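Undergrad: The following block contains the structure, expressed as C-alpha cells.
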Amino acid sequence: MAVIDIGSNSVRLVVYEGQTRSPTPIFNEKVLAGLGRQVQSTGLLAADAVTEALMALRRFRALCDNLQVGRVLGIATAACRDAKNGPAFIAEAERICRIKIDVLSGRREAELAALGVVSGIYQPDGIAGDLGGGSLELIDVRGSHLRRGVTAPQGGLALKDTANQSLKRADKIAEKELSDVPFLKAGKGRTFYAVGGAWRSLASLHMAQTGYPLHVMHGYTLPAREALEFCDLVQRVDPETLSNIEVVSAARRPLLGYAAVVLGRLIRKIRPETVVISALGVREGLLYSLLSEREKKKDALIAAARNLNLLRSRSPQHGEQLVAWTDRFMDSSGIDETPAERRLRHAACLVADVGWRTHPDYRGEQSLNLIAHADFVSLDHAGRAYLALAVYFRHIGVSHDDDLSPRLRELASTRMLDRARILGAAMRVAYMVSASMPGVLPKTPLRVERGKLVLRLPGAQAALNGERVMNRMRTLARLIGREAVVIEE
C-alpha cells in the first residue's frame with residue numbers, strides 16, 4: 001500500500017508493507033519541490049516547482065509499479081487547494097499517477113494529522129499541530145476523541161512569503177493569527193504534539209546540540225520552557241552559524257526560523273507542559289482512518305512487537321507464553337505495576353529473543369541497539385529504554401552493565417530501571433528452563449508463594465533443574481527481596 005503526498009513544500013512517496021495497526025514503511029522518498037513558496041503573494045504554484053513535482057510523481061508511479069503496490073492513495077494539501085492553477089496541476093498529477101488525488105480541506109487535513117497522532121502516541125492528551133509548507137493545522141486530541149480542527153496560512157513557505165522573508169514580521173503575523181484560535185488555552189498544562197518536517201528538523205538540531213543518546217525522532221520530548229528557549233535561539237541567529245547545523249538538510253535550513261516562530265508563539269499561547277514530536281501525521285492518519293474499528297482498538301506497540309517476534313525469534317509462540325509466565329510471576333510478587341508498565345513488559349517479552357542469531361558475546365549489545373532504534377510507535381523514549389535494557393539484562397545479566405551508555409540509562413526512571421532488571425532476571429530464568437522452546441513455560445510456573453520465590457518443575461521437567469537454574473533464581477530472588485526455591489514435583 002502506498003501514499004503519494006503532495007505537500008506545499010515536499011512531494012513524497014511512502015510505501016507500506018501492508019494496511020495494519022502498526023504499518024511498516026518499506027520505501028520512503030521525498031522531493032522538496034516547494035510548490036507553495038509563492039502562493040500567498042502570486043496566487044500560483046511556481047512553474048519550476050510544478051515541473052519538479054511532476055517529474056517526481058512520474059518516478060513515484062514507476063516505483064509503485066516496480067514494487068507491485070496493491071493500492072496507491074493520493075492526497076494534496078494547502079498549496080494545491082489555494083493556488084489558482086492548483087486544479088490544472090492536480091489533473092496532470094492524476095494522469096501521471098493513474099489515481100484520484102484527494103485535495104484535502106483544511107479541516108480534513110487537521111483531522112488526519114490528529115489521527116496520525118492517535119495512531120502513533122499512547123493515550124494522547126493535548127493539542128496537535130501540523131506545520132506544513134503552506135498551512136498550520138491545529139486540533140485538540142484526547143485519546144481517540146478529536147475536536148473540530150482549524151487551519152491557518154502559517155506554513156513555513158507561506159509565512160516566509162507573506163512576511164516578505166522577515167522573521168520579525170512573521171512573528172507578528174503568527175501572533176495575530178493564533179489569537180483567533182479559541183481552544184488553544186485548553187491545552188495549558190497538557191502536551192503539544194508537533195507534526196511536520198520543519199519541526200522535526202528543529203528537534204533534530206536540538207538532539208545534536210544536546211548530545212541526546214537516542215537518535216529516534218518519534219516521541220522525542222522537550223519541556224515546553226526548553227523548547228521555547230531553543231525556538232528563541234534559532235530565531236535570533238543565522239541558522240548556518242548554529243552548531244551541528246549539518247544535521248538539517250540545506251533545503252530545510254531557510255525555513256528553520258519560521259518553524260521556530262510558529263512553535264514559539266504556540267507555546268506562549270497554549271502554555272503546555274511538554275512538546276512531543278510525532279513522526280506520524282497526515283499519511284499515517286489516512287491509513288488509520290481506513291482500518292476497521294477492531295484494528296483501531298489494537299495496541300500499536302504490541303502489534304509491532306508481535307510482528308518483530310514473528311520475524312526474528314526462534315519461537316514466536318514462546319514469546320507469547322513468556323508474557324503469560326511473567327504475568328503469573330508479577331501478579332504473585334506484590335510488585336506494584338501500572339497498566340502502562342504492564343504493556344511495556346508484554347512488549348519486552350515479545351521481543352526478548354530477536355537477537356538470537358547474533359554472536360553470543362554481542363547479543364546483549366545488538367539486541368539493545370535493535371530494540372532501542374526499532375520502528376515502534378505508541379512508545380516514548382523512556383519506554384524504549386526500558387524495553388532495550390530489559391532484553392539487554394536478559395542476555396548479559398543484571399550486574400554487568402559497565403559498558404552501557406549512562407545517557408541511555410538516564411532515559412529510564414529509577415523505577416523503570418529497577419523493573420527492567422527484574423524482568424531481565426526473570427527472563428534469564430525462563431530461557432534457562434525452556435531453551436526458547438514453546439510448551440515448557442506453561443508447565444513450569446514461577447510464583448511468589450508464602451514469601452518465597454518458587455519455581456515448580458513437575459514430572460519430566462524436574463530433570464531441567466541444575467546449578468545454573470538455581471543461580472539465576474537466586475539473582476532474581478535478591479532483586480525482589482525473597483528466598484529462591486526450586487521444587488521438583
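Lettering and numbering for the C-alpha cells are positional, with chains as A, B, ... in the shown order, residues counted from 1 in each chain, and ligands counted from 1 in the shown order.
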Would you pick out the contacts of Thr274 of chain A at 8 Å or less, using only C-alpha atoms, so that residues sharing its chain but fewer than 6 positions from it are not included, and give the list as an MDAnalysis selection string?

TA: chainID A and resid 189:192 221:224

Undergrad: Any chance you could export the current selection's C-alpha atoms as an mmCIF file, in the first residue's frame?

TA:
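Contents of result_23.cif, freshly written:
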```
data_model
loop_
_atom_site.group_PDB
_atom_site.id
_atom_site.type_symbol
_atom_site.label_atom_id
_atom_site.label_comp_id
_atom_site.auth_asym_id
_atom_site.auth_seq_id
_atom_site.Cartn_x
_atom_site.Cartn_y
_atom_site.Cartn_z
ATOM 1 C CA GLY A 189 -0.510 22.002 31.269
ATOM 2 C CA ARG A 190 -1.073 19.278 28.680
ATOM 3 C CA THR A 191 1.084 18.244 25.708
ATOM 4 C CA PHE A 192 1.677 19.876 22.369
ATOM 5 C CA THR A 221 10.026 15.047 24.309
ATOM 6 C CA LEU A 222 11.077 18.504 25.454
ATOM 7 C CA PRO A 223 9.913 20.527 28.451
ATOM 8 C CA ALA A 224 7.952 23.422 26.972
#
```

Undergrad: Counting only C-alpha atoms, what are the residues of segment 108-200 of chain A within 9 Å of segment 260-267 of chain A, and for each of them which pair of atoms is the nearest and at what distance in Å, to one decimal? Sort the table by chain and rising number, as CSV.

TA:
```
residue,atom,partner,partner_atom,distance
A:Leu131,CA,A:Val262,CA,8.5
A:Leu136,CA,A:Val262,CA,8.9
A:Gln154,CA,A:Val262,CA,7.6
A:Gly155,CA,A:Val262,CA,8.6
A:Gly156,CA,A:Val262,CA,8.6
A:Leu167,CA,A:Val261,CA,7.4
A:Lys168,CA,A:Val261,CA,8.9
A:Ala170,CA,A:Val261,CA,7.2
A:Asp171,CA,A:Val261,CA,5.7
A:Ala174,CA,A:Val262,CA,6.2
A:Glu175,CA,A:Arg265,CA,6.2
A:Leu178,CA,A:Leu266,CA,7.5
A:Leu184,CA,A:Leu266,CA,8.3
A:Phe192,CA,A:Ile267,CA,8.0
A:Ala194,CA,A:Leu263,CA,8.4
A:Ala198,CA,A:Ala260,CA,8.8
A:Trp199,CA,A:Ala260,CA,7.8
```

Undergrad: Return the single residue from A:Leu157, A:Leu344, A:Met217, A:Val433 that is closest to His373 of chain A, with distances computed using only C-alpha atoms.

TA: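 Answer, going by the shortest atom-to-atom distance: A:Met217.
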
Undergrad: If we count only C-alpha atoms and set the cut-off at 12 Å, which residues sit around Tyr386 of chain A, ignoring sequence neighbours fewer than 3 positions away in its own chain? Please answer as a PyMOL selection string.

TA: chain A and resi 341-349+368+371-372+379-383+389-393+408-424

Undergrad: Taking only C-alpha atoms into account, which of A:Val3, A:Gly70, A:Arg363, A:Gln317 comes nearest Ile101 of chain A?

TA: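 Distance minimum relative to Ile101 of chain A lands on A:Val3.
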
Undergrad: Quote the spacing between atom CA of Val469 of chain A and atom CA of Met432 of chain A in Å to one decimal place.

TA: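 Interatomic distance, atom CA of Val469 of chain A to atom CA of Met432 of chain A: 6.3 Å.
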
Undergrad: Compile the contact shell of Ser135 of chain A as a list of chain:residue names: residues with an atom at most 10 Å away, counting only C-alpha atoms, same-chain residues fewer than 5 positions apart removed.

TA: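 Answer for this query is A:Gly7, A:Ser8, A:Gly36, A:Thr77, A:Ala78, A:Ala79, A:Gly106, A:Glu109, A:Asp130, A:Thr151, A:Ala152, A:Pro153, A:Gln154, A:Gly155, A:Gly156, A:Leu157, A:Ala158, A:Leu159.
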
Undergrad: Export N, CA, C and O atoms of the chosen residues as a PDB file, in the first residue's frame?

TA:
```pdb
ATOM      1  N   GLY A   7       2.600  17.827  -0.830  1.00  0.00           N
ATOM      2  CA  GLY A   7       2.551  18.902   0.143  1.00  0.00           C
ATOM      3  C   GLY A   7       2.992  20.228  -0.449  1.00  0.00           C
ATOM      4  O   GLY A   7       3.438  20.307  -1.595  1.00  0.00           O
ATOM      5  N   SER A   8       2.917  21.268   0.354  1.00  0.00           N
ATOM      6  CA  SER A   8       3.281  22.605  -0.117  1.00  0.00           C
ATOM      7  C   SER A   8       4.787  22.776  -0.234  1.00  0.00           C
ATOM      8  O   SER A   8       5.257  23.612  -1.008  1.00  0.00           O
ATOM      9  N   GLY A  36       4.470  25.523  -2.765  1.00  0.00           N
ATOM     10  CA  GLY A  36       3.721  26.621  -2.150  1.00  0.00           C
ATOM     11  C   GLY A  36       4.504  27.872  -1.853  1.00  0.00           C
ATOM     12  O   GLY A  36       3.995  28.767  -1.173  1.00  0.00           O
ATOM     13  N   THR A  77      -2.347  18.996  -0.283  1.00  0.00           N
ATOM     14  CA  THR A  77      -2.703  19.873   0.829  1.00  0.00           C
ATOM     15  C   THR A  77      -2.759  21.340   0.410  1.00  0.00           C
ATOM     16  O   THR A  77      -3.188  21.650  -0.695  1.00  0.00           O
ATOM     17  N   ALA A  78      -2.329  22.248   1.277  1.00  0.00           N
ATOM     18  CA  ALA A  78      -2.679  23.666   1.183  1.00  0.00           C
ATOM     19  C   ALA A  78      -2.345  24.329  -0.146  1.00  0.00           C
ATOM     20  O   ALA A  78      -3.179  25.042  -0.710  1.00  0.00           O
ATOM     21  N   ALA A  79      -1.128  24.133  -0.656  1.00  0.00           N
ATOM     22  CA  ALA A  79      -0.726  24.835  -1.879  1.00  0.00           C
ATOM     23  C   ALA A  79      -1.669  24.518  -3.026  1.00  0.00           C
ATOM     24  O   ALA A  79      -2.092  25.407  -3.774  1.00  0.00           O
ATOM     25  N   GLY A 106      -8.793  22.138   4.764  1.00  0.00           N
ATOM     26  CA  GLY A 106      -8.005  22.408   5.966  1.00  0.00           C
ATOM     27  C   GLY A 106      -8.507  21.608   7.155  1.00  0.00           C
ATOM     28  O   GLY A 106      -7.718  21.084   7.945  1.00  0.00           O
ATOM     29  N   GLU A 109      -7.490  17.993   6.741  1.00  0.00           N
ATOM     30  CA  GLU A 109      -6.060  17.848   6.971  1.00  0.00           C
ATOM     31  C   GLU A 109      -5.756  17.834   8.471  1.00  0.00           C
ATOM     32  O   GLU A 109      -4.936  17.036   8.949  1.00  0.00           O
ATOM     33  N   ASP A 130       0.079  20.538  13.047  1.00  0.00           N
ATOM     34  CA  ASP A 130       0.788  20.040  11.858  1.00  0.00           C
ATOM     35  C   ASP A 130       1.244  21.243  11.043  1.00  0.00           C
ATOM     36  O   ASP A 130       0.433  21.942  10.433  1.00  0.00           O
ATOM     37  N   THR A 151      -7.482  25.584  10.509  1.00  0.00           N
ATOM     38  CA  THR A 151      -6.313  25.731   9.655  1.00  0.00           C
ATOM     39  C   THR A 151      -6.005  27.209   9.483  1.00  0.00           C
ATOM     40  O   THR A 151      -6.911  28.045   9.526  1.00  0.00           O
ATOM     41  N   ALA A 152      -4.715  27.506   9.315  1.00  0.00           N
ATOM     42  CA  ALA A 152      -4.278  28.893   9.112  1.00  0.00           C
ATOM     43  C   ALA A 152      -3.126  28.898   8.116  1.00  0.00           C
ATOM     44  O   ALA A 152      -2.351  27.943   8.055  1.00  0.00           O
ATOM     45  N   PRO A 153      -2.982  29.978   7.331  1.00  0.00           N
ATOM     46  CA  PRO A 153      -1.922  30.035   6.319  1.00  0.00           C
ATOM     47  C   PRO A 153      -0.564  30.371   6.936  1.00  0.00           C
ATOM     48  O   PRO A 153       0.061  31.373   6.593  1.00  0.00           O
ATOM     49  N   GLN A 154      -0.126  29.524   7.869  1.00  0.00           N
ATOM     50  CA  GLN A 154       1.118  29.794   8.575  1.00  0.00           C
ATOM     51  C   GLN A 154       2.160  28.703   8.355  1.00  0.00           C
ATOM     52  O   GLN A 154       3.056  28.528   9.186  1.00  0.00           O
ATOM     53  N   GLY A 155       2.051  27.945   7.264  1.00  0.00           N
ATOM     54  CA  GLY A 155       3.112  27.007   6.936  1.00  0.00           C
ATOM     55  C   GLY A 155       4.405  27.760   6.696  1.00  0.00           C
ATOM     56  O   GLY A 155       4.404  28.981   6.446  1.00  0.00           O
ATOM     57  N   GLY A 156       5.523  27.059   6.774  1.00  0.00           N
ATOM     58  CA  GLY A 156       6.819  27.721   6.672  1.00  0.00           C
ATOM     59  C   GLY A 156       6.991  28.542   5.408  1.00  0.00           C
ATOM     60  O   GLY A 156       7.373  29.718   5.455  1.00  0.00           O
ATOM     61  N   LEU A 157       6.668  27.952   4.257  1.00  0.00           N
ATOM     62  CA  LEU A 157       6.802  28.667   2.982  1.00  0.00           C
ATOM     63  C   LEU A 157       5.819  29.833   2.895  1.00  0.00           C
ATOM     64  O   LEU A 157       6.165  30.934   2.444  1.00  0.00           O
ATOM     65  N   ALA A 158       4.573  29.580   3.312  1.00  0.00           N
ATOM     66  CA  ALA A 158       3.543  30.623   3.238  1.00  0.00           C
ATOM     67  C   ALA A 158       3.891  31.804   4.146  1.00  0.00           C
ATOM     68  O   ALA A 158       3.734  32.971   3.770  1.00  0.00           O
ATOM     69  N   LEU A 159       4.366  31.507   5.353  1.00  0.00           N
ATOM     70  CA  LEU A 159       4.707  32.570   6.293  1.00  0.00           C
ATOM     71  C   LEU A 159       5.903  33.374   5.796  1.00  0.00           C
ATOM     72  O   LEU A 159       5.920  34.614   5.890  1.00  0.00           O
TER      73      LEU A 159
END
```

Undergrad: Sorted by chain and rising residue number, list the residues of segment 198-229 of chain A at most 6 Å from segment 276-284 of chain A (counting only C-alpha atoms), each with its closest atom pair and distance in Å to one decimal, as a Markdown table.

TA:
```
| residue | atom | partner | partner_atom | distance |
| --- | --- | --- | --- | --- |
| A:His218 | CA | A:Ala279 | CA | 4.8 |
| A:Gly219 | CA | A:Ile277 | CA | 5.4 |
| A:Tyr220 | CA | A:Ile277 | CA | 5.3 |
| A:Thr221 | CA | A:Val276 | CA | 4.5 |
```

Undergrad: Identify which of the residues A:Leu214, A:Leu57, A:Ile487, A:Ile96 lies closest to Ala388 of chain A, counting only C-alpha atoms when measuring atom-to-atom distances.

TA: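 Counting only C-alpha atoms, the residue closest to Ala388 of chain A is A:Leu214.
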
Undergrad: Taking the backbone alone, and naming residues the way the document does, which bits of segment 71-210 of chain A are strand (DSSP E) by DSSP, as number ranges by chain?

TA: A: 72-76, 101-103, 125-131, 136-142, 145-146, 150-152, 191-195

Undergrad: Of the residues A:Leu73, A:Ala113, A:Val247, A:Met473, which is the one nearest to Arg98 of chain A, using only C-alpha atoms?

TA: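 Using only C-alpha atoms, the shortest distance to Arg98 of chain A belongs to A:Leu73.
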
Undergrad: If I take atom CA of Val39 of chain A and atom CA of Leu202 of chain A, how far is one from the other in Å, to one decimal?

TA: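 Computing the Euclidean distance for atom CA of Val39 of chain A and atom CA of Leu202 of chain A yields 24.3 Å.
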
Undergrad: Skipping near chain neighbours, those fewer than 4 positions away, what residues fall within 8 Å of segment 454-467 of chain A using only C-alpha atoms, listed as a tab-separated table (two decimals) with N, CA and C atoms, in the first residue's frame?

TA:
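The result, written out as result32.tsv:
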```tsv
chain	number	residue	atom	x	y	z
A	433	VAL	N	15.33	-22.42	31.61
A	433	VAL	CA	14.43	-23.58	31.79
A	433	VAL	C	13.89	-24.07	30.44
A	443	LYS	N	4.16	-25.22	31.84
A	443	LYS	CA	4.29	-26.33	32.77
A	443	LYS	C	5.20	-26.03	33.95
A	444	THR	N	5.93	-24.90	33.88
A	444	THR	CA	6.94	-24.61	34.91
A	444	THR	C	6.71	-23.21	35.48
A	445	PRO	N	5.66	-23.03	36.25
A	445	PRO	CA	5.30	-21.69	36.74
A	445	PRO	C	6.32	-21.14	37.74
A	446	LEU	N	6.48	-19.83	37.72
A	446	LEU	CA	7.32	-19.11	38.68
A	446	LEU	C	6.40	-18.18	39.45
A	447	ARG	N	6.36	-18.34	40.75
A	447	ARG	CA	5.47	-17.52	41.58
A	447	ARG	C	6.14	-17.23	42.92
A	448	VAL	N	5.64	-16.19	43.57
A	448	VAL	CA	5.98	-15.96	44.97
A	448	VAL	C	4.91	-16.65	45.81
A	449	GLU	N	5.35	-17.61	46.62
A	449	GLU	CA	4.43	-18.40	47.46
A	449	GLU	C	4.92	-18.37	48.90
A	471	ASN	N	21.24	-20.64	40.26
A	471	ASN	CA	21.96	-19.36	40.34
A	471	ASN	C	21.10	-18.21	39.81
A	484	ALA	N	15.00	-17.99	47.19
A	484	ALA	CA	14.71	-18.79	46.00
A	484	ALA	C	14.56	-20.26	46.35
A	485	VAL	N	13.52	-20.90	45.77
A	485	VAL	CA	13.27	-22.32	45.97
A	485	VAL	C	12.88	-22.93	44.62
A	486	VAL	N	13.50	-24.07	44.29
A	486	VAL	CA	13.08	-24.86	43.12
A	486	VAL	C	12.49	-26.16	43.62
A	487	ILE	N	11.25	-26.41	43.24
A	487	ILE	CA	10.54	-27.60	43.70
A	487	ILE	C	10.36	-28.58	42.55
A	488	GLU	N	10.93	-29.78	42.71
A	488	GLU	CA	10.73	-30.85	41.73
A	488	GLU	C	9.53	-31.67	42.16
A	489	GLU	N	8.56	-31.78	41.25
A	489	GLU	CA	7.30	-32.46	41.62
A	489	GLU	C	7.08	-33.72	40.79
```

Undergrad: As a PyMOL selection string, which residues of segment 43-248 of chain A does DSSP assign to helix (DSSP H, G or I)?

TA: chain A and resi 47-66+78-82+86-97+106-120+156-162+167-178+182-187+197-210+224-236+239-241+245-247

Undergrad: Restricting the output to C-alpha atoms, write the selected residues as a tab-separated table (two decimals), in the first residue's frame.

TA:
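That gives us result_6.tsv:
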```
chain	number	residue	atom	x	y	z
A	47	ALA	CA	6.24	26.98	-12.71
A	48	ASP	CA	9.63	25.44	-11.89
A	49	ALA	CA	8.18	23.81	-8.76
A	50	VAL	CA	5.36	22.30	-10.83
A	51	THR	CA	7.88	20.85	-13.30
A	52	GLU	CA	9.97	19.35	-10.48
A	53	ALA	CA	6.91	17.94	-8.71
A	54	LEU	CA	5.54	16.28	-11.86
A	55	MET	CA	8.94	14.70	-12.56
A	56	ALA	CA	8.93	13.30	-9.02
A	57	LEU	CA	5.40	11.94	-9.50
A	58	ARG	CA	6.43	10.11	-12.69
A	59	ARG	CA	9.22	8.42	-10.75
A	60	PHE	CA	6.88	7.62	-7.84
A	61	ARG	CA	4.36	5.94	-10.16
A	62	ALA	CA	7.12	3.86	-11.75
A	63	LEU	CA	8.38	2.85	-8.31
A	64	CYS	CA	4.89	1.75	-7.28
A	65	ASP	CA	4.64	-0.35	-10.44
A	66	ASN	CA	8.02	-1.98	-9.81
A	78	ALA	CA	-2.68	23.67	1.18
A	79	ALA	CA	-0.73	24.83	-1.88
A	80	CYS	CA	-2.88	22.83	-4.29
A	81	ARG	CA	-6.17	23.84	-2.68
A	82	ASP	CA	-5.24	27.54	-2.52
A	86	GLY	CA	-3.96	24.04	-8.45
A	87	PRO	CA	-6.78	22.21	-10.30
A	88	ALA	CA	-4.77	22.05	-13.52
A	89	PHE	CA	-1.75	20.71	-11.66
A	90	ILE	CA	-3.85	18.09	-9.88
A	91	ALA	CA	-5.40	16.96	-13.18
A	92	GLU	CA	-1.94	16.39	-14.66
A	93	ALA	CA	-0.77	14.68	-11.45
A	94	GLU	CA	-3.75	12.32	-11.59
A	95	ARG	CA	-2.95	11.45	-15.21
A	96	ILE	CA	0.67	10.65	-14.33
A	97	CYS	CA	-0.12	8.73	-11.13
A	106	GLY	CA	-8.00	22.41	5.97
A	107	ARG	CA	-10.40	20.77	8.41
A	108	ARG	CA	-9.81	17.32	6.91
A	109	GLU	CA	-6.06	17.85	6.97
A	110	ALA	CA	-6.23	18.73	10.68
A	111	GLU	CA	-8.33	15.64	11.36
A	112	LEU	CA	-5.92	13.30	9.56
A	113	ALA	CA	-2.91	14.84	11.30
A	114	ALA	CA	-4.63	14.25	14.63
A	115	LEU	CA	-5.44	10.66	13.66
A	116	GLY	CA	-1.75	10.22	12.89
A	117	VAL	CA	-1.04	11.27	16.46
A	118	VAL	CA	-3.74	8.93	17.75
A	119	SER	CA	-2.25	6.05	15.77
A	120	GLY	CA	1.30	6.66	17.00
A	156	GLY	CA	6.82	27.72	6.67
A	157	LEU	CA	6.80	28.67	2.98
A	158	ALA	CA	3.54	30.62	3.24
A	159	LEU	CA	4.71	32.57	6.29
A	160	LYS	CA	8.05	33.38	4.68
A	161	ASP	CA	6.23	34.60	1.57
A	162	THR	CA	3.63	36.67	3.45
A	167	LEU	CA	11.22	36.83	10.83
A	168	LYS	CA	10.05	39.84	12.86
A	169	ARG	CA	7.05	40.33	10.57
A	170	ALA	CA	6.43	36.58	10.60
A	171	ASP	CA	6.31	36.64	14.41
A	172	LYS	CA	3.69	39.40	14.40
A	173	ILE	CA	1.61	37.57	11.79
A	174	ALA	CA	1.75	34.34	13.78
A	175	GLU	CA	0.79	36.12	16.99
A	176	LYS	CA	-2.24	37.74	15.33
A	177	GLU	CA	-3.44	34.55	13.59
A	178	LEU	CA	-3.16	32.39	16.71
A	182	PRO	CA	-10.28	29.74	20.85
A	183	PHE	CA	-9.44	26.22	22.05
A	184	LEU	CA	-5.67	26.70	22.42
A	185	LYS	CA	-5.95	27.76	26.05
A	186	ALA	CA	-7.47	24.35	26.79
A	187	GLY	CA	-4.01	22.91	26.14
A	197	GLY	CA	9.12	18.09	8.65
A	198	ALA	CA	10.11	21.62	9.71
A	199	TRP	CA	9.53	20.87	13.38
A	200	ARG	CA	11.31	17.52	13.05
A	201	SER	CA	14.29	19.45	11.68
A	202	LEU	CA	14.23	21.72	14.73
A	203	ALA	CA	14.10	18.69	17.02
A	204	SER	CA	16.95	17.01	15.13
A	205	LEU	CA	19.09	20.09	15.65
A	206	HIS	CA	18.23	20.18	19.35
A	207	MET	CA	19.13	16.49	19.68
A	208	ALA	CA	22.52	17.09	18.07
A	209	GLN	CA	23.32	20.14	20.19
A	210	THR	CA	22.46	18.38	23.47
A	224	ALA	CA	7.95	23.42	26.97
A	225	ARG	CA	10.25	26.02	28.55
A	226	GLU	CA	13.34	24.43	26.99
A	227	ALA	CA	11.61	24.19	23.61
A	228	LEU	CA	10.68	27.88	23.81
A	229	GLU	CA	14.24	28.92	24.67
A	230	PHE	CA	15.55	26.91	21.73
A	231	CYS	CA	13.00	28.50	19.38
A	232	ASP	CA	14.11	31.95	20.52
A	233	LEU	CA	17.74	31.00	19.86
A	234	VAL	CA	17.01	29.77	16.34
A	235	GLN	CA	15.14	33.00	15.55
A	236	ARG	CA	17.94	35.22	16.83
A	239	PRO	CA	20.94	29.08	11.10
A	240	GLU	CA	24.23	28.48	9.30
A	241	THR	CA	26.11	29.64	12.42
A	245	ILE	CA	23.51	22.60	11.68
A	246	GLU	CA	24.68	19.92	9.22
A	247	VAL	CA	22.10	17.52	10.69
```
